[in-house]
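Student: One structure, as structure tokens, below. Some questions next.
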Amino acid sequence: MISQLSINVSQNGASLTYALTGRIDTTTAPQLAANLHLDGARELVFNMAGIDYLSSAGLRVFLQAQATMNQSGGTMRIVHCQPHIKKLFDIVGFTSVMDVS
């Protein structure tokens with residue numbers, strides 16, 4: 001299976017929303033990381049409605065983004081996760097350090 005990730009970024013003032021579709025794995029996680037331009041962002045939202053697979057490489061990108069937002073005093077939310085993706089965030093303990101729904 002060829003890994004694919006579609007990233008659609010929208011900005012509303014200091015709020016950035018990344019609508020993601022596809023898979024976030026070792027092949028596509030670097031693509032996501034390279035597309036994160038957080039300078040000046042006060043709010044970062046990842047819409048995960050279209051994500052059907054998330055690996056540890058993808059989790060690392062979200063953890064790094066959360067750390068960046070924490071350092072800048074901003075907020076980050078991960079929204080519209082499919083149940084199996086939300087469960088993964090729960091299992092690894094990320095829901096205690098980031099807003100995941």
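Identifiers in the structure tokens: chain A, B, ... in order shown; residue index from 1 per chain; ligand index from 1 in order shown.
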Kindly provide the residues of region 9-67 of chain A that approach region 77-101 of chain A to within 12 Å, each paired with its closest atom pair and their distance in Å to one decimal, based on only C-alpha atoms, listed by chain and increasing number, as CSV.

Tutor:
residue,atom,partner,partner_atom,distance
A:Ser15,CA,A:Arg77,CA,11.0
A:Leu16,CA,A:Arg77,CA,10.5
A:Thr17,CA,A:Arg77,CA,9.4
A:Tyr18,CA,A:Ile78,CA,9.6
A:Ala19,CA,A:Val79,CA,9.7
A:Leu20,CA,A:His80,CA,10.5
A:Thr21,CA,A:Cys81,CA,11.2
A:Arg23,CA,A:Ile85,CA,11.0
A:Ile24,CA,A:Ile85,CA,10.9
A:Arg42,CA,A:Arg77,CA,11.5
A:Glu43,CA,A:Arg77,CA,8.0
A:Leu44,CA,A:Arg77,CA,6.3
A:Val45,CA,A:Arg77,CA,4.8
A:Phe46,CA,A:Ile78,CA,4.7
A:Asn47,CA,A:Val79,CA,5.1
A:Met48,CA,A:Cys81,CA,5.0
A:Ala49,CA,A:His80,CA,4.9
A:Gly50,CA,A:Cys81,CA,8.3
A:Ile51,CA,A:Gln82,CA,7.5
A:Asp52,CA,A:Gln82,CA,7.3
A:Tyr53,CA,A:Ile85,CA,7.1
A:Leu54,CA,A:Ile85,CA,6.8
A:Ser55,CA,A:Leu88,CA,9.2
A:Ser56,CA,A:Val92,CA,9.6
A:Gly58,CA,A:Phe89,CA,10.9
A:Leu59,CA,A:Phe89,CA,8.1
A:Arg60,CA,A:Phe94,CA,10.4
A:Phe62,CA,A:Ile78,CA,8.8
A:Leu63,CA,A:Phe94,CA,8.0
A:Gln64,CA,A:Met98,CA,11.3
A:Ala65,CA,A:Met98,CA,10.3
A:Gln66,CA,A:Met98,CA,7.1
A:Ala67,CA,A:Val97,CA,9.7

Student: Enumerate the residues of chain A with a DSSP assignment of alpha helix (DSSP H), computed from the backbone, and present them as a tab-separated table (two decimals) with all heavy atoms, in the first residue's frame.

Tutor:
chain	number	residue	atom	x	y	z
A	29	ALA	N	4.72	11.18	7.84
A	29	ALA	CA	4.94	12.05	9.01
A	29	ALA	C	5.94	13.17	8.70
A	29	ALA	O	5.70	14.32	9.09
A	29	ALA	CB	5.37	11.23	10.22
A	30	PRO	N	7.04	12.90	7.98
A	30	PRO	CA	7.95	14.00	7.65
A	30	PRO	C	7.28	15.08	6.79
A	30	PRO	O	7.58	16.26	6.93
A	30	PRO	CB	9.09	13.31	6.89
A	30	PRO	CG	9.06	11.90	7.37
A	30	PRO	CD	7.60	11.59	7.60
A	31	GLN	N	6.38	14.66	5.91
A	31	GLN	CA	5.62	15.61	5.09
A	31	GLN	C	4.78	16.52	5.99
A	31	GLN	O	4.75	17.73	5.79
A	31	GLN	CB	4.73	14.84	4.11
A	31	GLN	CG	3.79	15.70	3.30
A	31	GLN	CD	2.76	14.88	2.54
A	31	GLN	OE1	2.80	13.66	2.50
A	31	GLN	NE2	1.81	15.58	1.93
A	32	LEU	N	4.11	15.93	6.97
A	32	LEU	CA	3.30	16.72	7.89
A	32	LEU	C	4.19	17.68	8.68
A	32	LEU	O	3.89	18.87	8.79
A	32	LEU	CB	2.50	15.82	8.83
A	32	LEU	CG	1.67	16.53	9.90
A	32	LEU	CD1	0.68	17.51	9.28
A	32	LEU	CD2	0.95	15.49	10.76
A	33	ALA	N	5.28	17.17	9.22
A	33	ALA	CA	6.19	18.01	10.02
A	33	ALA	C	6.72	19.18	9.18
A	33	ALA	O	6.80	20.31	9.67
A	33	ALA	CB	7.33	17.17	10.56
A	34	ALA	N	7.06	18.92	7.93
A	34	ALA	CA	7.60	19.97	7.05
A	34	ALA	C	6.56	21.03	6.72
A	34	ALA	O	6.91	22.16	6.39
A	34	ALA	CB	8.14	19.34	5.77
A	56	SER	N	3.52	5.61	15.25
A	56	SER	CA	4.31	6.31	16.26
A	56	SER	C	5.03	7.51	15.65
A	56	SER	O	5.25	8.52	16.33
A	56	SER	CB	5.30	5.36	16.92
A	56	SER	OG	6.18	4.82	15.95
A	57	ALA	N	5.39	7.44	14.39
A	57	ALA	CA	6.04	8.59	13.73
A	57	ALA	C	5.08	9.78	13.68
A	57	ALA	O	5.49	10.92	13.88
A	57	ALA	CB	6.48	8.20	12.32
A	58	GLY	N	3.82	9.51	13.43
A	58	GLY	CA	2.81	10.57	13.43
A	58	GLY	C	2.58	11.11	14.82
A	58	GLY	O	2.45	12.33	15.02
A	59	LEU	N	2.54	10.23	15.81
A	59	LEU	CA	2.37	10.67	17.19
A	59	LEU	C	3.49	11.63	17.60
A	59	LEU	O	3.26	12.63	18.27
A	59	LEU	CB	2.34	9.47	18.14
A	59	LEU	CG	1.08	8.60	18.07
A	59	LEU	CD1	1.30	7.31	18.85
A	59	LEU	CD2	-0.12	9.36	18.61
A	60	ARG	N	4.68	11.34	17.15
A	60	ARG	CA	5.84	12.19	17.47
A	60	ARG	C	5.65	13.60	16.90
A	60	ARG	O	5.98	14.59	17.56
A	60	ARG	CB	7.12	11.54	16.94
A	60	ARG	CG	8.39	12.22	17.34
A	60	ARG	CD	9.66	11.42	17.01
A	60	ARG	NE	9.62	10.65	15.77
A	60	ARG	CZ	9.44	9.32	15.71
A	60	ARG	NH1	9.27	8.61	16.81
A	60	ARG	NH2	9.43	8.71	14.55
A	61	VAL	N	5.10	13.71	15.69
A	61	VAL	CA	4.85	15.03	15.09
A	61	VAL	C	3.87	15.82	15.96
A	61	VAL	O	4.08	17.01	16.22
A	61	VAL	CB	4.32	14.89	13.65
A	61	VAL	CG1	3.89	16.26	13.09
A	61	VAL	CG2	5.36	14.26	12.74
A	62	PHE	N	2.82	15.16	16.45
A	62	PHE	CA	1.84	15.85	17.29
A	62	PHE	C	2.46	16.27	18.63
A	62	PHE	O	2.17	17.35	19.13
A	62	PHE	CB	0.59	14.99	17.50
A	62	PHE	CG	-0.20	14.82	16.25
A	62	PHE	CD1	-0.37	13.56	15.70
A	62	PHE	CD2	-0.77	15.90	15.61
A	62	PHE	CE1	-1.09	13.38	14.53
A	62	PHE	CE2	-1.49	15.74	14.43
A	62	PHE	CZ	-1.65	14.49	13.89
A	63	LEU	N	3.30	15.41	19.19
A	63	LEU	CA	3.95	15.74	20.45
A	63	LEU	C	4.88	16.95	20.28
A	63	LEU	O	4.91	17.85	21.13
A	63	LEU	CB	4.72	14.53	20.98
A	63	LEU	CG	5.20	14.61	22.42
A	63	LEU	CD1	4.04	14.81	23.38
A	63	LEU	CD2	5.96	13.35	22.78
A	64	GLN	N	5.62	16.98	19.18
A	64	GLN	CA	6.50	18.12	18.91
A	64	GLN	C	5.71	19.40	18.68
A	64	GLN	O	6.10	20.47	19.15
A	64	GLN	CB	7.40	17.81	17.71
A	64	GLN	CG	8.44	16.75	18.02
A	64	GLN	CD	9.17	16.24	16.78
A	64	GLN	OE1	8.67	16.35	15.66
A	64	GLN	NE2	10.34	15.67	16.99
A	65	ALA	N	4.58	19.29	17.97
A	65	ALA	CA	3.73	20.47	17.74
A	65	ALA	C	3.17	20.99	19.06
A	65	ALA	O	3.12	22.20	19.29
A	65	ALA	CB	2.60	20.13	16.77
A	66	GLN	N	2.77	20.07	19.95
A	66	GLN	CA	2.25	20.47	21.26
A	66	GLN	C	3.33	21.19	22.05
A	66	GLN	O	3.07	22.22	22.68
A	66	GLN	CB	1.73	19.26	22.03
A	66	GLN	CG	1.14	19.60	23.40
A	66	GLN	CD	-0.14	20.40	23.29
A	66	GLN	OE1	-1.13	19.91	22.78
A	66	GLN	NE2	-0.12	21.63	23.77
A	67	ALA	N	4.55	20.68	22.02
A	67	ALA	CA	5.66	21.31	22.74
A	67	ALA	C	5.91	22.72	22.20
A	67	ALA	O	6.12	23.66	22.98
A	67	ALA	CB	6.92	20.46	22.63
A	68	THR	N	5.87	22.88	20.89
A	68	THR	CA	6.06	24.20	20.27
A	68	THR	C	4.97	25.16	20.71
A	68	THR	O	5.26	26.31	21.07
A	68	THR	CB	6.07	24.07	18.74
A	68	THR	OG1	7.16	23.23	18.34
A	68	THR	CG2	6.21	25.44	18.07
A	69	MET	N	3.73	24.69	20.71
A	69	MET	CA	2.62	25.56	21.12
A	69	MET	C	2.72	25.90	22.61
A	69	MET	O	2.44	27.03	23.01
A	69	MET	CB	1.27	24.91	20.79
A	69	MET	CG	1.02	24.76	19.30
A	69	MET	SD	1.22	26.27	18.34
A	69	MET	CE	-0.20	27.21	18.90
A	70	ASN	N	3.13	24.95	23.43
A	70	ASN	CA	3.32	25.22	24.87
A	70	ASN	C	4.37	26.30	25.08
A	70	ASN	O	4.19	27.20	25.90
A	70	ASN	CB	3.72	23.95	25.62
A	70	ASN	CG	2.59	22.95	25.75
A	70	ASN	OD1	1.43	23.24	25.47
A	70	ASN	ND2	2.93	21.74	26.15
A	71	GLN	N	5.47	26.21	24.35
A	71	GLN	CA	6.56	27.18	24.50
A	71	GLN	C	6.14	28.58	24.08
A	71	GLN	O	6.61	29.56	24.66
A	71	GLN	CB	7.78	26.74	23.68
A	71	GLN	CG	8.49	25.54	24.25
A	71	GLN	CD	9.59	25.03	23.33
A	71	GLN	OE1	9.74	25.46	22.19
A	71	GLN	NE2	10.38	24.08	23.83
A	72	SER	N	5.25	28.67	23.11
A	72	SER	CA	4.83	29.98	22.61
A	72	SER	C	3.59	30.51	23.34
A	72	SER	O	3.12	31.60	23.05
A	72	SER	CB	4.56	29.93	21.11
A	72	SER	OG	3.41	29.13	20.84
A	83	PRO	N	-12.78	6.68	16.17
A	83	PRO	CA	-12.63	6.02	17.48
A	83	PRO	C	-11.30	5.28	17.66
A	83	PRO	O	-10.69	5.36	18.74
A	83	PRO	CB	-13.83	5.08	17.54
A	83	PRO	CG	-14.86	5.75	16.68
A	83	PRO	CD	-14.07	6.39	15.57
A	84	HIS	N	-10.84	4.57	16.65
A	84	HIS	CA	-9.59	3.81	16.81
A	84	HIS	C	-8.37	4.74	16.91
A	84	HIS	O	-7.39	4.41	17.56
A	84	HIS	CB	-9.42	2.75	15.72
A	84	HIS	CG	-9.22	3.30	14.34
A	84	HIS	ND1	-10.24	3.80	13.57
A	84	HIS	CD2	-8.10	3.41	13.59
A	84	HIS	CE1	-9.78	4.20	12.41
A	84	HIS	NE2	-8.47	3.99	12.39
A	85	ILE	N	-8.44	5.91	16.31
A	85	ILE	CA	-7.35	6.89	16.41
A	85	ILE	C	-7.38	7.53	17.80
A	85	ILE	O	-6.34	7.67	18.45
A	85	ILE	CB	-7.46	7.95	15.31
A	85	ILE	CG1	-7.38	7.32	13.91
A	85	ILE	CG2	-6.40	9.04	15.50
A	85	ILE	CD1	-6.06	6.70	13.55
A	86	LYS	N	-8.56	7.88	18.28
A	86	LYS	CA	-8.70	8.46	19.62
A	86	LYS	C	-8.20	7.47	20.67
A	86	LYS	O	-7.51	7.84	21.61
A	86	LYS	CB	-10.17	8.82	19.87
A	86	LYS	CG	-10.52	9.21	21.30
A	86	LYS	CD	-10.04	10.57	21.68
A	86	LYS	CE	-10.64	11.12	22.94
A	86	LYS	NZ	-10.32	10.45	24.15
A	87	LYS	N	-8.52	6.20	20.48
A	87	LYS	CA	-8.08	5.16	21.42
A	87	LYS	C	-6.54	5.08	21.46
A	87	LYS	O	-5.95	4.91	22.52
A	87	LYS	CB	-8.66	3.80	21.03
A	87	LYS	CG	-8.33	2.70	22.00
A	87	LYS	CD	-9.03	1.41	21.63
A	87	LYS	CE	-8.72	0.33	22.65
A	87	LYS	NZ	-9.43	-0.91	22.35
A	88	LEU	N	-5.90	5.24	20.32
A	88	LEU	CA	-4.44	5.23	20.27
A	88	LEU	C	-3.87	6.39	21.09
A	88	LEU	O	-2.94	6.19	21.89
A	88	LEU	CB	-3.96	5.32	18.82
A	88	LEU	CG	-2.45	5.34	18.60
A	88	LEU	CD1	-1.80	4.08	19.16
A	88	LEU	CD2	-2.14	5.49	17.12
A	89	PHE	N	-4.44	7.59	20.94
A	89	PHE	CA	-3.99	8.72	21.75
A	89	PHE	C	-4.19	8.43	23.24
A	89	PHE	O	-3.35	8.79	24.06
A	89	PHE	CB	-4.76	10.00	21.37
A	89	PHE	CG	-4.22	10.69	20.15
A	89	PHE	CD1	-4.91	10.63	18.94
A	89	PHE	CD2	-3.05	11.44	20.21
A	89	PHE	CE1	-4.43	11.30	17.82
A	89	PHE	CE2	-2.56	12.11	19.10
A	89	PHE	CZ	-3.25	12.03	17.89
A	90	ASP	N	-5.30	7.77	23.59
A	90	ASP	CA	-5.57	7.40	24.99
A	90	ASP	C	-4.53	6.41	25.50
A	90	ASP	O	-3.97	6.58	26.59
A	90	ASP	CB	-6.96	6.78	25.14
A	90	ASP	CG	-8.09	7.77	25.00
A	90	ASP	OD1	-7.88	8.97	25.25
A	90	ASP	OD2	-9.20	7.33	24.64
A	91	ILE	N	-4.27	5.37	24.71
A	91	ILE	CA	-3.36	4.29	25.13
A	91	ILE	C	-1.96	4.82	25.40
A	91	ILE	O	-1.33	4.43	26.38
A	91	ILE	CB	-3.33	3.17	24.07
A	91	ILE	CG1	-4.65	2.40	24.08
A	91	ILE	CG2	-2.15	2.23	24.30
A	91	ILE	CD1	-4.81	1.43	22.91

Student: Which of chain A counts as strand (DSSP E) under DSSP, as JSON, numbers by chain please?

Tutor: {"A": [5, 6, 7, 8, 9, 10, 11, 12, 15, 16, 17, 18, 19, 20, 21, 22, 23, 24, 43, 44, 45, 46, 47, 48, 49, 50, 51, 52, 53, 54, 75, 76, 77, 78, 79, 99, 100]}

Student: Save the residues we just selected, C-alpha atoms, as a short mmCIF file (atom, residue, chain, number, x, y, z; two decimals), in the first residue's frame?

Tutor:
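Below is the file part-v8.cif, written as the result:
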data_model
loop_
_atom_site.label_atom_id
_atom_site.label_comp_id
_atom_site.auth_asym_id
_atom_site.auth_seq_id
_atom_site.Cartn_x
_atom_site.Cartn_y
_atom_site.Cartn_z
CA LEU A 5 -1.45 12.18 3.17
CA SER A 6 -3.44 15.20 2.07
CA ILE A 7 -2.91 18.41 4.04
CA ASN A 8 -5.28 21.35 3.70
CA VAL A 9 -4.27 24.40 5.76
CA SER A 10 -6.57 27.29 6.56
CA GLN A 11 -5.80 30.36 8.63
CA ASN A 12 -8.13 32.67 10.49
CA SER A 15 -5.57 30.31 14.31
CA LEU A 16 -4.28 27.58 12.00
CA THR A 17 -6.34 24.54 11.04
CA TYR A 18 -4.80 21.53 9.36
CA ALA A 19 -7.43 19.26 7.77
CA LEU A 20 -5.72 15.90 7.24
CA THR A 21 -6.78 12.99 5.07
CA GLY A 22 -5.12 9.60 4.59
CA ARG A 23 -2.41 7.94 6.65
CA ILE A 24 0.19 9.39 8.99
CA GLU A 43 -4.19 28.29 18.18
CA LEU A 44 -3.43 25.12 16.25
CA VAL A 45 -6.18 22.69 15.27
CA PHE A 46 -5.72 19.33 13.58
CA ASN A 47 -8.92 18.03 11.98
CA MET A 48 -8.39 14.27 11.89
CA ALA A 49 -11.76 13.26 10.38
CA GLY A 50 -10.03 11.88 7.28
CA ILE A 51 -7.22 10.01 9.02
CA ASP A 52 -7.59 6.22 9.04
CA TYR A 53 -4.10 5.25 10.27
CA LEU A 54 -1.63 6.84 12.69
CA THR A 75 -3.11 26.08 22.37
CA MET A 76 -3.44 22.94 20.28
CA ARG A 77 -6.46 20.73 19.68
CA ILE A 78 -6.82 17.47 17.78
CA VAL A 79 -10.45 17.11 16.71
CA ASP A 99 -6.72 18.17 23.86
CA VAL A 100 -7.90 15.21 21.75
#
